[in-house]
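> The structure's right below; bear with me while I get my questions together.
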Amino acid sequence: MNEKNSSYWYKRWTLIPLIFVLVLIGVFAKRLVDIDNNKPASYIPTVLLNTLIPEINLDPLPNRGKGLNSEHLRKKLILLNFWGSWCGACLIEHELLMEIKRKNIIPIHGIAWRDKPNESINWLKKYGDPYSLVGQDPESKAAIAFGVTGAPETFMINENGIIIYKHTGPITEKVWLNDFLPLIREYK
Amino acid sequence: MASLTKLLTPLFFIFFVISHKDALSVEPEEMLKDPQLEERARKISKLLRCVVCQNESIDDSSAVIASDMRKMVRRKLIEGQSDNQIISYMKQRYGDFVLLKPQFSLNNLFLWFSPFLILIIGIGIFFKNKFVDNFEISKPLSEDELVKLEKINEK
């Protein structure tokens, strides 16, 4: 009785490393699949989701409106897009942002991050200006306050100034249809 | 002469290592005039991760965002904020990720304790195998087996 028992448990114990390895393989496999899912391997989830936007007060670009402050971001559902004339990936999403503006789907405010104001404004003149309000952030004050790591980065902010979504990297059509549009529809 | 070289080589080596240690990414114009504040800035910067690098502090990194984070640390020091205030501001913005030295929290409880847990399990297995009798005591052969054995022996 006793000896039978101990061999029974012995066999069970030897399975533990096997189970451990299988679980590890499962975790790695999931991570691999996740990378394909529009999220870069270096993806860092924002801790600011569902929190109030930080206080910012940014100067305007030359001859372009009054700048951008937190008050502007608390009026209705809007997108806030960090970009710069130096940012190649920003051109990938640019056409889509222009279309959002043309179709009047949702207002987009821009933050010209770490850019020379003249170069930002020239970029907008050259490629088109999808933004309602634009503020400049030459020293990354707003970027750090929003936990931004790279451009482009886009936040969706509701009328109470709560960050309800963040996307890192260019907004592709797939991202727009799968992530942004359902949230916007939900709000309307 | 040879002994002089022998003496000087390690000295030069030490000199280069030490001089390199301070030749980091902090640009001269970033530095604060007040040496005490600057020292605190360096200390804080060494604890904060450059958010676009793999495993570098903002003190070590030449990335532009790291440079801007260093400047923000210094601005906040001038404003009179404490080291902890500045570090928790960065943590609030970028999450635990920004801390090079992870803090203890509910999320990483298992991570902190798993080595001890595994050690305890290992010790448990060791003592079980060592002191609990694991040998299978062979039972006497059954009737069927005795018949089989006899048949084999007859051949």
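Chain identifiers are assigned as A, B, and so on, following the order in which chains appear in the structure tokens; residues are numbered from 1 within each chain, and ligands are numbered from 1 in order of appearance.
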Select, as a PyMOL selection string, those residues of chain B with any atom no more than 12 Å from chain A (distances computed using only C-alpha atoms).

chain B and resi 49-55+63-73+75-76+89-98+118+121-122+124-125+128-129+132-139

> Take the residues that were just selected and, keeping N, CA and C atoms, output them as a tab-separated table (two decimals), in the first residue's frame.


```tsv
chain	number	residue	atom	x	y	z
B	49	ARG	N	14.97	54.60	-16.54
B	49	ARG	CA	15.28	53.92	-17.79
B	49	ARG	C	14.99	54.84	-18.98
B	50	CYS	N	15.90	54.82	-19.93
B	50	CYS	CA	15.61	55.48	-21.20
B	50	CYS	C	14.51	54.68	-21.88
B	51	VAL	N	13.38	55.35	-22.19
B	51	VAL	CA	12.19	54.58	-22.61
B	51	VAL	C	12.26	54.06	-24.04
B	52	VAL	N	13.24	54.49	-24.81
B	52	VAL	CA	13.36	53.93	-26.16
B	52	VAL	C	14.58	53.02	-26.30
B	53	CYS	N	15.32	52.82	-25.21
B	53	CYS	CA	16.53	51.99	-25.29
B	53	CYS	C	16.23	50.62	-24.69
B	54	GLN	N	17.17	49.71	-24.86
B	54	GLN	CA	16.91	48.37	-24.34
B	54	GLN	C	17.14	48.29	-22.83
B	55	ASN	N	18.32	48.67	-22.40
B	55	ASN	CA	18.53	48.62	-20.95
B	55	ASN	C	19.57	49.65	-20.53
B	63	ALA	N	19.95	59.10	-26.52
B	63	ALA	CA	18.68	59.28	-27.23
B	63	ALA	C	18.07	60.63	-26.87
B	64	VAL	N	17.36	61.23	-27.83
B	64	VAL	CA	16.82	62.58	-27.59
B	64	VAL	C	15.81	62.60	-26.44
B	65	ILE	N	14.98	61.56	-26.35
B	65	ILE	CA	13.98	61.55	-25.28
B	65	ILE	C	14.67	61.44	-23.92
B	66	ALA	N	15.80	60.69	-23.88
B	66	ALA	CA	16.56	60.58	-22.63
B	66	ALA	C	17.11	61.94	-22.23
B	67	SER	N	17.61	62.67	-23.22
B	67	SER	CA	18.15	64.00	-22.97
B	67	SER	C	17.05	64.92	-22.42
B	68	ASP	N	15.85	64.84	-23.02
B	68	ASP	CA	14.75	65.68	-22.54
B	68	ASP	C	14.29	65.27	-21.15
B	69	MET	N	14.38	63.97	-20.86
B	69	MET	CA	14.00	63.52	-19.51
B	69	MET	C	15.02	64.02	-18.48
B	70	ARG	N	16.31	64.01	-18.87
B	70	ARG	CA	17.34	64.55	-17.97
B	70	ARG	C	17.09	66.02	-17.68
B	71	LYS	N	16.73	66.76	-18.76
B	71	LYS	CA	16.47	68.19	-18.56
B	71	LYS	C	15.27	68.39	-17.66
B	72	MET	N	14.25	67.53	-17.83
B	72	MET	CA	13.06	67.68	-16.99
B	72	MET	C	13.39	67.38	-15.52
B	73	VAL	N	14.23	66.36	-15.30
B	73	VAL	CA	14.67	66.05	-13.93
B	73	VAL	C	15.33	67.29	-13.32
B	75	ARG	N	14.99	70.49	-14.28
B	75	ARG	CA	14.01	71.57	-14.07
B	75	ARG	C	13.26	71.37	-12.77
B	76	LYS	N	12.87	70.12	-12.53
B	76	LYS	CA	12.09	69.84	-11.33
B	76	LYS	C	12.93	70.00	-10.05
B	89	TYR	N	6.94	60.97	-10.35
B	89	TYR	CA	6.33	61.62	-11.52
B	89	TYR	C	6.59	60.79	-12.76
B	90	MET	N	7.84	60.40	-12.96
B	90	MET	CA	8.20	59.60	-14.14
B	90	MET	C	7.48	58.25	-14.12
B	91	LYS	N	7.35	57.68	-12.94
B	91	LYS	CA	6.68	56.39	-12.82
B	91	LYS	C	5.20	56.52	-13.17
B	92	GLN	N	4.62	57.65	-12.75
B	92	GLN	CA	3.22	57.91	-13.04
B	92	GLN	C	2.99	58.05	-14.55
B	93	ARG	N	3.97	58.60	-15.25
B	93	ARG	CA	3.85	58.84	-16.69
B	93	ARG	C	4.15	57.59	-17.51
B	94	TYR	N	5.20	56.86	-17.12
B	94	TYR	CA	5.67	55.75	-17.95
B	94	TYR	C	5.48	54.38	-17.30
B	95	GLY	N	4.99	54.35	-16.07
B	95	GLY	CA	4.79	53.06	-15.41
B	95	GLY	C	6.07	52.50	-14.81
B	96	ASP	N	5.96	51.31	-14.25
B	96	ASP	CA	7.11	50.65	-13.61
B	96	ASP	C	8.29	50.50	-14.56
B	97	PHE	N	7.95	50.45	-15.86
B	97	PHE	CA	8.96	50.25	-16.90
B	97	PHE	C	10.11	51.25	-16.79
B	98	VAL	N	9.79	52.48	-16.35
B	98	VAL	CA	10.80	53.54	-16.37
B	98	VAL	C	11.81	53.38	-15.22
B	118	ILE	N	10.84	28.35	-5.42
B	118	ILE	CA	11.46	27.22	-6.12
B	118	ILE	C	12.51	26.57	-5.22
B	121	ILE	N	10.71	24.42	-2.69
B	121	ILE	CA	10.23	23.19	-3.33
B	121	ILE	C	11.40	22.23	-3.55
B	122	GLY	N	12.54	22.81	-4.01
B	122	GLY	CA	13.72	21.98	-4.27
B	122	GLY	C	14.22	21.30	-2.99
B	124	GLY	N	12.46	20.66	-0.39
B	124	GLY	CA	11.43	19.67	-0.05
B	124	GLY	C	11.66	18.36	-0.79
B	125	ILE	N	11.89	18.47	-2.09
B	125	ILE	CA	12.11	17.27	-2.90
B	125	ILE	C	13.37	16.55	-2.45
B	128	LYS	N	12.77	14.78	0.82
B	128	LYS	CA	11.85	13.66	0.62
B	128	LYS	C	12.62	12.47	0.04
B	129	ASN	N	13.43	12.77	-0.99
B	129	ASN	CA	14.17	11.68	-1.62
B	129	ASN	C	15.23	11.09	-0.70
B	132	VAL	N	12.85	9.83	2.99
B	132	VAL	CA	11.67	8.96	2.91
B	132	VAL	C	12.02	7.79	2.01
B	133	ASP	N	11.70	6.61	2.46
B	133	ASP	CA	12.08	5.41	1.73
B	133	ASP	C	11.28	5.32	0.44
B	134	ASN	N	12.00	5.44	-0.66
B	134	ASN	CA	11.33	5.46	-1.94
B	134	ASN	C	11.43	4.14	-2.70
B	135	PHE	N	12.27	3.22	-2.12
B	135	PHE	CA	12.51	2.00	-2.88
B	135	PHE	C	11.26	1.15	-2.96
B	136	GLU	N	11.01	0.64	-4.13
B	136	GLU	CA	9.87	-0.26	-4.27
B	136	GLU	C	10.29	-1.62	-3.74
B	137	ILE	N	9.56	-2.08	-2.78
B	137	ILE	CA	9.86	-3.41	-2.23
B	137	ILE	C	9.17	-4.42	-3.14
B	138	SER	N	9.98	-5.32	-3.67
B	138	SER	CA	9.38	-6.25	-4.63
B	138	SER	C	8.46	-7.21	-3.90
B	139	LYS	N	7.29	-7.32	-4.49
B	139	LYS	CA	6.31	-8.26	-3.92
B	139	LYS	C	6.69	-9.67	-4.36
```

> Do you know which residues are at most 6 Å from Gly84 of chain A counting only C-alpha atoms, after dropping those on the same chain fewer than 6 positions away, and could you put them as a list in words?

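The contact residues come out as Ala112, Trp113 and Asp115 of chain A.
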
> Any chance you can output those residues with N, CA and C atoms as a JSON list (two decimals), in the first residue's frame?


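Contents of out32.json, as written:
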```
[["chain", "number", "residue", "atom", "x", "y", "z"],
["A", 112, "ALA", "N", 3.37, 69.28, -32.15],
["A", 112, "ALA", "CA", 4.61, 69.22, -32.93],
["A", 112, "ALA", "C", 5.74, 68.97, -31.94],
["A", 113, "TRP", "N", 6.17, 67.72, -31.89],
["A", 113, "TRP", "CA", 7.07, 67.28, -30.83],
["A", 113, "TRP", "C", 8.51, 67.38, -31.27],
["A", 115, "ASP", "N", 10.42, 69.62, -32.55],
["A", 115, "ASP", "CA", 10.57, 70.06, -33.93],
["A", 115, "ASP", "C", 10.88, 71.55, -33.93]]
```

> Please list as number ranges by chain every residue within 12 Å of segment 173-181 of chain A, counting only C-alpha atoms and excluding residues in the same chain fewer than 4 positions away.

A: 37-39, 77-79, 92-97, 99-100, 105-106, 154-157, 164-169, 185-188

> Create the file for the chosen residues now, containing N, CA and C atoms and written as a PDB file, in the first residue's frame.


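Here's the written file selection03.pdb:
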```
ATOM      1  N   ASN A  37       0.257  41.264 -34.121  1.00  0.00           N
ATOM      2  CA  ASN A  37      -1.002  41.976 -33.957  1.00  0.00           C
ATOM      3  C   ASN A  37      -0.819  43.484 -33.868  1.00  0.00           C
ATOM      4  N   ASN A  38      -0.072  44.055 -34.817  1.00  0.00           N
ATOM      5  CA  ASN A  38       0.114  45.510 -34.880  1.00  0.00           C
ATOM      6  C   ASN A  38       0.894  46.083 -33.718  1.00  0.00           C
ATOM      7  N   LYS A  39       1.269  45.249 -32.775  1.00  0.00           N
ATOM      8  CA  LYS A  39       1.995  45.803 -31.639  1.00  0.00           C
ATOM      9  C   LYS A  39       3.460  45.439 -31.756  1.00  0.00           C
ATOM     10  N   LEU A  77     -15.046  64.480 -27.541  1.00  0.00           N
ATOM     11  CA  LEU A  77     -14.183  63.376 -27.939  1.00  0.00           C
ATOM     12  C   LEU A  77     -13.244  63.840 -29.047  1.00  0.00           C
ATOM     13  N   ILE A  78     -11.958  63.742 -28.801  1.00  0.00           N
ATOM     14  CA  ILE A  78     -10.967  64.201 -29.795  1.00  0.00           C
ATOM     15  C   ILE A  78      -9.804  63.218 -29.883  1.00  0.00           C
ATOM     16  N   LEU A  79      -9.013  63.383 -30.938  1.00  0.00           N
ATOM     17  CA  LEU A  79      -7.741  62.671 -31.038  1.00  0.00           C
ATOM     18  C   LEU A  79      -6.613  63.668 -30.785  1.00  0.00           C
ATOM     19  N   ILE A  92       3.115  57.975 -42.962  1.00  0.00           N
ATOM     20  CA  ILE A  92       2.320  56.775 -43.266  1.00  0.00           C
ATOM     21  C   ILE A  92       0.864  56.994 -42.884  1.00  0.00           C
ATOM     22  N   GLU A  93       0.642  57.626 -41.736  1.00  0.00           N
ATOM     23  CA  GLU A  93      -0.739  57.810 -41.271  1.00  0.00           C
ATOM     24  C   GLU A  93      -1.345  59.120 -41.766  1.00  0.00           C
ATOM     25  N   HIS A  94      -0.507  59.951 -42.402  1.00  0.00           N
ATOM     26  CA  HIS A  94      -0.954  61.300 -42.736  1.00  0.00           C
ATOM     27  C   HIS A  94      -2.184  61.310 -43.634  1.00  0.00           C
ATOM     28  N   GLU A  95      -2.180  60.486 -44.665  1.00  0.00           N
ATOM     29  CA  GLU A  95      -3.302  60.436 -45.606  1.00  0.00           C
ATOM     30  C   GLU A  95      -4.598  60.093 -44.860  1.00  0.00           C
ATOM     31  N   LEU A  96      -4.479  59.156 -43.925  1.00  0.00           N
ATOM     32  CA  LEU A  96      -5.657  58.742 -43.144  1.00  0.00           C
ATOM     33  C   LEU A  96      -6.171  59.876 -42.261  1.00  0.00           C
ATOM     34  N   LEU A  97      -5.247  60.609 -41.649  1.00  0.00           N
ATOM     35  CA  LEU A  97      -5.648  61.751 -40.817  1.00  0.00           C
ATOM     36  C   LEU A  97      -6.366  62.807 -41.665  1.00  0.00           C
ATOM     37  N   GLU A  99      -8.077  62.253 -44.318  1.00  0.00           N
ATOM     38  CA  GLU A  99      -9.408  61.751 -44.657  1.00  0.00           C
ATOM     39  C   GLU A  99     -10.370  61.912 -43.476  1.00  0.00           C
ATOM     40  N   ILE A 100      -9.856  61.685 -42.265  1.00  0.00           N
ATOM     41  CA  ILE A 100     -10.683  61.866 -41.058  1.00  0.00           C
ATOM     42  C   ILE A 100     -11.161  63.317 -40.980  1.00  0.00           C
ATOM     43  N   ILE A 105     -14.939  63.265 -39.105  1.00  0.00           N
ATOM     44  CA  ILE A 105     -15.295  62.163 -38.210  1.00  0.00           C
ATOM     45  C   ILE A 105     -15.036  62.534 -36.752  1.00  0.00           C
ATOM     46  N   ILE A 106     -13.888  63.113 -36.494  1.00  0.00           N
ATOM     47  CA  ILE A 106     -13.510  63.484 -35.127  1.00  0.00           C
ATOM     48  C   ILE A 106     -12.418  64.554 -35.230  1.00  0.00           C
ATOM     49  N   THR A 154      -0.868  58.449 -30.759  1.00  0.00           N
ATOM     50  CA  THR A 154      -2.184  59.088 -30.817  1.00  0.00           C
ATOM     51  C   THR A 154      -3.036  58.697 -29.624  1.00  0.00           C
ATOM     52  N   PHE A 155      -3.588  59.683 -28.965  1.00  0.00           N
ATOM     53  CA  PHE A 155      -4.464  59.462 -27.812  1.00  0.00           C
ATOM     54  C   PHE A 155      -5.894  59.810 -28.192  1.00  0.00           C
ATOM     55  N   MET A 156      -6.850  59.035 -27.651  1.00  0.00           N
ATOM     56  CA  MET A 156      -8.239  59.431 -27.778  1.00  0.00           C
ATOM     57  C   MET A 156      -8.690  59.895 -26.400  1.00  0.00           C
ATOM     58  N   ILE A 157      -9.242  61.117 -26.359  1.00  0.00           N
ATOM     59  CA  ILE A 157      -9.585  61.750 -25.086  1.00  0.00           C
ATOM     60  C   ILE A 157     -11.056  62.138 -25.103  1.00  0.00           C
ATOM     61  N   ILE A 164      -8.984  57.613 -23.208  1.00  0.00           N
ATOM     62  CA  ILE A 164      -9.690  56.328 -23.316  1.00  0.00           C
ATOM     63  C   ILE A 164      -8.984  55.361 -24.258  1.00  0.00           C
ATOM     64  N   TYR A 165      -8.022  55.851 -25.028  1.00  0.00           N
ATOM     65  CA  TYR A 165      -7.279  54.934 -25.884  1.00  0.00           C
ATOM     66  C   TYR A 165      -5.954  55.563 -26.282  1.00  0.00           C
ATOM     67  N   LYS A 166      -4.945  54.711 -26.466  1.00  0.00           N
ATOM     68  CA  LYS A 166      -3.669  55.204 -26.982  1.00  0.00           C
ATOM     69  C   LYS A 166      -3.149  54.247 -28.033  1.00  0.00           C
ATOM     70  N   HIS A 167      -2.642  54.798 -29.122  1.00  0.00           N
ATOM     71  CA  HIS A 167      -1.998  53.951 -30.121  1.00  0.00           C
ATOM     72  C   HIS A 167      -0.575  54.439 -30.362  1.00  0.00           C
ATOM     73  N   THR A 168       0.379  53.511 -30.308  1.00  0.00           N
ATOM     74  CA  THR A 168       1.775  53.832 -30.599  1.00  0.00           C
ATOM     75  C   THR A 168       2.081  53.421 -32.026  1.00  0.00           C
ATOM     76  N   GLY A 169       2.690  54.318 -32.786  1.00  0.00           N
ATOM     77  CA  GLY A 169       3.009  54.019 -34.176  1.00  0.00           C
ATOM     78  C   GLY A 169       1.928  54.553 -35.094  1.00  0.00           C
ATOM     79  N   ARG A 185     -17.740  55.124 -32.369  1.00  0.00           N
ATOM     80  CA  ARG A 185     -19.165  54.802 -32.537  1.00  0.00           C
ATOM     81  C   ARG A 185     -19.832  54.584 -31.186  1.00  0.00           C
ATOM     82  N   GLU A 186     -19.089  53.913 -30.305  1.00  0.00           N
ATOM     83  CA  GLU A 186     -19.612  53.640 -28.968  1.00  0.00           C
ATOM     84  C   GLU A 186     -19.954  54.938 -28.239  1.00  0.00           C
ATOM     85  N   TYR A 187     -19.184  55.972 -28.535  1.00  0.00           N
ATOM     86  CA  TYR A 187     -19.363  57.239 -27.821  1.00  0.00           C
ATOM     87  C   TYR A 187     -20.493  58.087 -28.366  1.00  0.00           C
ATOM     88  N   LYS A 188     -20.863  57.827 -29.651  1.00  0.00           N
ATOM     89  CA  LYS A 188     -21.848  58.729 -30.264  1.00  0.00           C
ATOM     90  C   LYS A 188     -23.282  58.267 -30.066  1.00  0.00           C
TER      91      LYS A 188
END
```

> Pull the alpha helix (DSSP H) assignments for segment 28-141 of chain B out of DSSP run on the backbone, and list those residues as an MDAnalysis selection string.

chainID B and resid 35:47 64:78 83:94 109:131

> Per DSSP on the backbone, what are the strand (DSSP E or B) residues of chain B, as a list of chain:residue names?

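So, restricting chain B to strand (DSSP E or B), we get B:Leu48, B:Arg49, B:Ser57, B:Leu99.
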
> In Å to one decimal, how far is atom CA of Glu27 of chain B from atom CA of Asp59 of chain B?

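Interatomic distance here is 10.2 Å.
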
> I'd like the neighbourhood of Ser82 of chain B as a list of chain:residue names, where a residue qualifies if any of its atoms comes within 12 Å (using only C-alpha atoms), though same-chain residues fewer than 4 positions away should be ignored.

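Selected residues are B:Leu37, B:Arg40, B:Ala41, B:Ile44, B:Val73, B:Arg74, B:Arg75, B:Lys76, B:Leu77, B:Ile78, B:Ile86, B:Ile87, B:Ser88, B:Tyr89.
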
> Under the rule that only C-alpha atoms are counted, which of A:Ser132, A:Thr172, A:Asn118, A:Thr14 is the nearest residue to Leu61 of chain A?

A:Asn118
